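To keep things clear, I will list the structure first and then write my remarks on it.
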Amino acid sequence: MTRPESEKRDLRNFKTRGIVLKTFKLGEADKIITLITEAEGKIAAVAKGIRRTKSRFGARLEPFTNLNLIFYKGRNLSTITSADIIKVYDGVTGELDRIDYGYAMLELVDKLSVEGQSDPRIYNMLAKSLDLLSRTDNGKRLVLSTFDIKLLAFSGFLPNINECTGCSSKTGLTDFSFTQGGILCKRCADSDPSSVNINGDTIELMRSLLLTPFKGLKDVKTDTATLGELNNIIDKHISYHLSIRLRVRDFIDRQASKESSKQRI
Ligand SMILES: [Zn+2]
């Protein structure tokens, strides 16, 4: 049975919420907007005429903006036909230091998400993380690390932090292997040249950030050294397994190594 013409047209329009990850110019007046959406996962769509001064989109389709959107599904690319702001995370964009942490989140979502695969948890977690990042003063690295660990878990890239990746031992865990993607006991580490030392506190922190909801982060107790080690290992794990360098992270790491303050939400 063929569908009536009106119904076919309807199927080409879809609504969902989404956060802008990045944009780039297309032709004279258009832009391609990449978003992580709640219902459809990552989408790259055209915003027509957006660079004209009288565009109906104004400055709404910029990174760190959460929107209600309507798309029209084209043969290749979809087009954004309507965009209404839910929230602008201006606490993130308003500060040079904080914006780097925000871009690190957007970049990781972009690299880990594949168009056509939907996972509403990623949109929801990014919204929560940006909201918390825009309010915290001393907890920026803690928010970013929590975000990283949860996103790696959603995407199937979380390192093994439960037991020795080599022999399944639950005790004597002293190292982390980038090639095996997880923690190791001393004996297994001796035969893995890619392994580095990891503190018991750092392993405990990884486990606890994976399970702690964002609203519970204020009760997480940690120190700069432990969080620094966690950041370092997670960043290297990401670049090893995803074969990408996340440029924003290198900058944050250089900055953070100069900090000595305790991390608090
Ligand atoms: Zn082992």
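By order of appearance in the structure tokens: chains A, B, ..., then residues from 1 within every chain, and ligands from 1 in the order shown.
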Q) Counting only C-alpha atoms and all ligand atoms, which protein, DNA or RNA residues come within 10 Å of ligand 1, given as JSON, numbers by chain? A) {"A": [163, 164, 165, 166, 167, 168, 169, 170, 171, 172, 173, 174, 175, 183, 184, 185, 186, 187, 188, 189, 190]}
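Counting only C-alpha atoms, Asp201 in chain A has the following residues at most 12 Å away, ignoring those fewer than 6 positions along the same chain: Leu173, Thr174, Arg207, Ser208, Lys221, Thr222, Asp223, Thr224, Ala225, Thr226, Leu227, Gly228, Glu229 and Leu230 of chain A.
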(Q) Taking only range 23-184 of chain A into account, list the residues labelled helix (DSSP H, G or I) by DSSP (computed from the backbone), as an MDAnalysis selection string. (A) chainID A and resid 90:93 96:112 120:133 140:154
Output C-alpha atoms for every residue in the selection just made, as a short mmCIF file (atom, residue, chain, number, x, y, z; two decimals), in the first residue's frame.
```cif
data_model
loop_
_atom_site.label_atom_id
_atom_site.label_comp_id
_atom_site.auth_asym_id
_atom_site.auth_seq_id
_atom_site.Cartn_x
_atom_site.Cartn_y
_atom_site.Cartn_z
CA ASP A 90 26.64 31.51 28.92
CA GLY A 91 28.39 30.73 32.19
CA VAL A 92 30.67 28.56 30.03
CA THR A 93 31.12 30.95 27.13
CA LEU A 96 38.13 32.07 28.73
CA ASP A 97 39.29 29.38 31.10
CA ARG A 98 35.91 27.70 31.45
CA ILE A 99 35.24 27.69 27.71
CA ASP A 100 38.24 25.38 27.13
CA TYR A 101 36.67 22.77 29.39
CA GLY A 102 33.39 23.20 27.52
CA TYR A 103 35.06 22.77 24.13
CA ALA A 104 36.84 19.64 25.41
CA MET A 105 33.37 18.16 26.12
CA LEU A 106 31.90 19.18 22.75
CA GLU A 107 34.95 17.82 20.93
CA LEU A 108 34.79 14.44 22.66
CA VAL A 109 31.06 14.06 21.94
CA ASP A 110 31.75 14.92 18.29
CA LYS A 111 34.58 12.38 18.00
CA LEU A 112 32.78 9.57 19.84
CA PRO A 120 19.57 10.11 24.41
CA ARG A 121 21.92 9.64 27.40
CA ILE A 122 24.68 11.54 25.59
CA TYR A 123 22.52 14.61 24.93
CA ASN A 124 21.18 14.55 28.50
CA MET A 125 24.61 14.14 30.06
CA LEU A 126 26.14 16.92 27.97
CA ALA A 127 23.30 19.25 29.04
CA LYS A 128 23.91 18.42 32.72
CA SER A 129 27.68 18.75 32.41
CA LEU A 130 27.54 22.14 30.69
CA ASP A 131 25.06 23.36 33.26
CA LEU A 132 27.31 22.33 36.13
CA LEU A 133 30.44 23.62 34.38
CA LYS A 140 36.03 22.34 36.41
CA ARG A 141 38.45 19.42 36.10
CA LEU A 142 36.25 17.20 38.24
CA VAL A 143 33.21 17.95 36.04
CA LEU A 144 35.25 17.27 32.87
CA SER A 145 36.66 13.99 34.23
CA THR A 146 33.22 12.79 35.29
CA PHE A 147 31.88 13.67 31.87
CA ASP A 148 34.76 11.83 30.13
CA ILE A 149 34.34 8.64 32.14
CA LYS A 150 30.57 8.49 31.68
CA LEU A 151 30.81 9.27 27.96
CA LEU A 152 33.50 6.58 27.47
CA ALA A 153 31.18 4.14 29.26
CA PHE A 154 28.18 5.04 27.04
#
```
Q. By how many Å are CA of Asn76 in chain A and CA of Lys25 in chain A apart?
A. 17.3 Å
(Q) Could you go through range 182-247 of chain A and tell me which residues DSSP, when run on the backbone, assigns to strand (DSSP E or B), listing them as a PyMOL selection string? (A) chain A and resi 182-185+195-197
Q: Would you mind telling me which residue in A:Ala29, A:Leu242, A:Met206, A:Leu35 lies nearest to Gly49 in chain A when using only C-alpha atoms?
A: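 Of the candidates, the smallest distance to Gly49 in chain A is held by A:Ala29.
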Q.
I want to know what sits within 9 Å of Val114 in chain A, based on only C-alpha atoms, with residues of the same chain fewer than 4 positions away left out; could you give that as a ChimeraX atom specification?
A. /A:41-43,110,118
File dump, residues just selected, C-alpha atoms, as a PDB file, in the first residue's frame:
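What landed in result.pdb:
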```
ATOM      1  CA  GLY A  41      22.031  11.255  17.883  1.00  0.00           C
ATOM      2  CA  LYS A  42      24.618  13.309  16.011  1.00  0.00           C
ATOM      3  CA  ILE A  43      23.329  15.290  13.044  1.00  0.00           C
ATOM      4  CA  ASP A 110      31.746  14.924  18.290  1.00  0.00           C
ATOM      5  CA  SER A 118      21.000   7.649  18.685  1.00  0.00           C
TER       6      SER A 118
END
```
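The smallest atom-to-atom distance between Ala45 in chain A and any of A:Thr23, A:Thr16, A:Ser78, A:Asn199, using only C-alpha atoms, is found for A:Ser78.
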(Q) What's the separation between CA of Arg249 in chain A and CA of Asn231 in chain A, in Å to one decimal place? (A)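 Result for CA of Arg249 in chain A versus CA of Asn231 in chain A: 9.3 Å, one decimal.
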Q | Ile80 in chain A environment, 7 Å, only C-alpha atoms, sequence neighbours closer than 3 positions dropped, as a VMD selection string | A | chain A and resid 45 to 47 70 to 72
Q. Which is closest to Thr37 in chain A among A:His241, A:Lys22, A:Arg17, A:Arg56, if we use only C-alpha atoms?
A.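 Selected residue with least distance to Thr37 in chain A: A:Arg17.
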Q: List the neighbours of Phe176 in chain A out to 7 Å using only C-alpha atoms; skip same-chain residues closer than 5 positions along the sequence, and give me the result as a VMD selection string.
A: chain A and resid 182 to 184 195 to 198
Q.
Between CA of Glu95 in chain A and CA of Ile19 in chain A, what distance in Å does the model show, to one decimal?
A.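 Separating CA of Glu95 in chain A from CA of Ile19 in chain A is a distance of 19.2 Å.
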Neighbours of Ala83 in chain A within 9 Å (only C-alpha atoms; same-chain residues fewer than 3 positions away dropped), as a CSV table (one decimal) with N, CA, C and O atoms, in the first residue's frame?
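Saved as around-v2.csv:
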```csv
chain,number,residue,atom,x,y,z
A,57,PHE,N,17.5,32.9,12.1
A,57,PHE,CA,18.2,32.1,13.1
A,57,PHE,C,19.0,33.0,14.1
A,57,PHE,O,19.3,32.7,15.2
A,60,ARG,N,21.5,32.1,17.1
A,60,ARG,CA,21.1,31.0,18.0
A,60,ARG,C,21.8,29.7,17.8
A,60,ARG,O,21.9,28.9,18.7
A,61,LEU,N,22.3,29.4,16.5
A,61,LEU,CA,22.9,28.1,16.2
A,61,LEU,C,24.4,28.2,16.4
A,61,LEU,O,25.2,28.0,15.5
A,67,LEU,N,18.7,23.6,22.1
A,67,LEU,CA,17.6,24.2,21.3
A,67,LEU,C,16.5,23.1,21.1
A,67,LEU,O,16.8,21.9,21.0
A,68,ASN,N,15.3,23.6,20.8
A,68,ASN,CA,14.2,22.8,20.3
A,68,ASN,C,14.3,23.0,18.8
A,68,ASN,O,14.2,24.1,18.3
A,69,LEU,N,14.4,21.9,18.0
A,69,LEU,CA,14.7,22.1,16.6
A,69,LEU,C,13.7,21.3,15.7
A,69,LEU,O,13.2,20.3,16.2
A,70,ILE,N,13.5,21.8,14.5
A,70,ILE,CA,12.7,21.0,13.5
A,70,ILE,C,13.7,20.9,12.3
A,70,ILE,O,14.3,21.9,11.9
A,80,ILE,N,17.8,22.6,8.8
A,80,ILE,CA,17.2,23.1,10.0
A,80,ILE,C,16.1,24.1,9.6
A,80,ILE,O,16.4,25.1,8.9
```
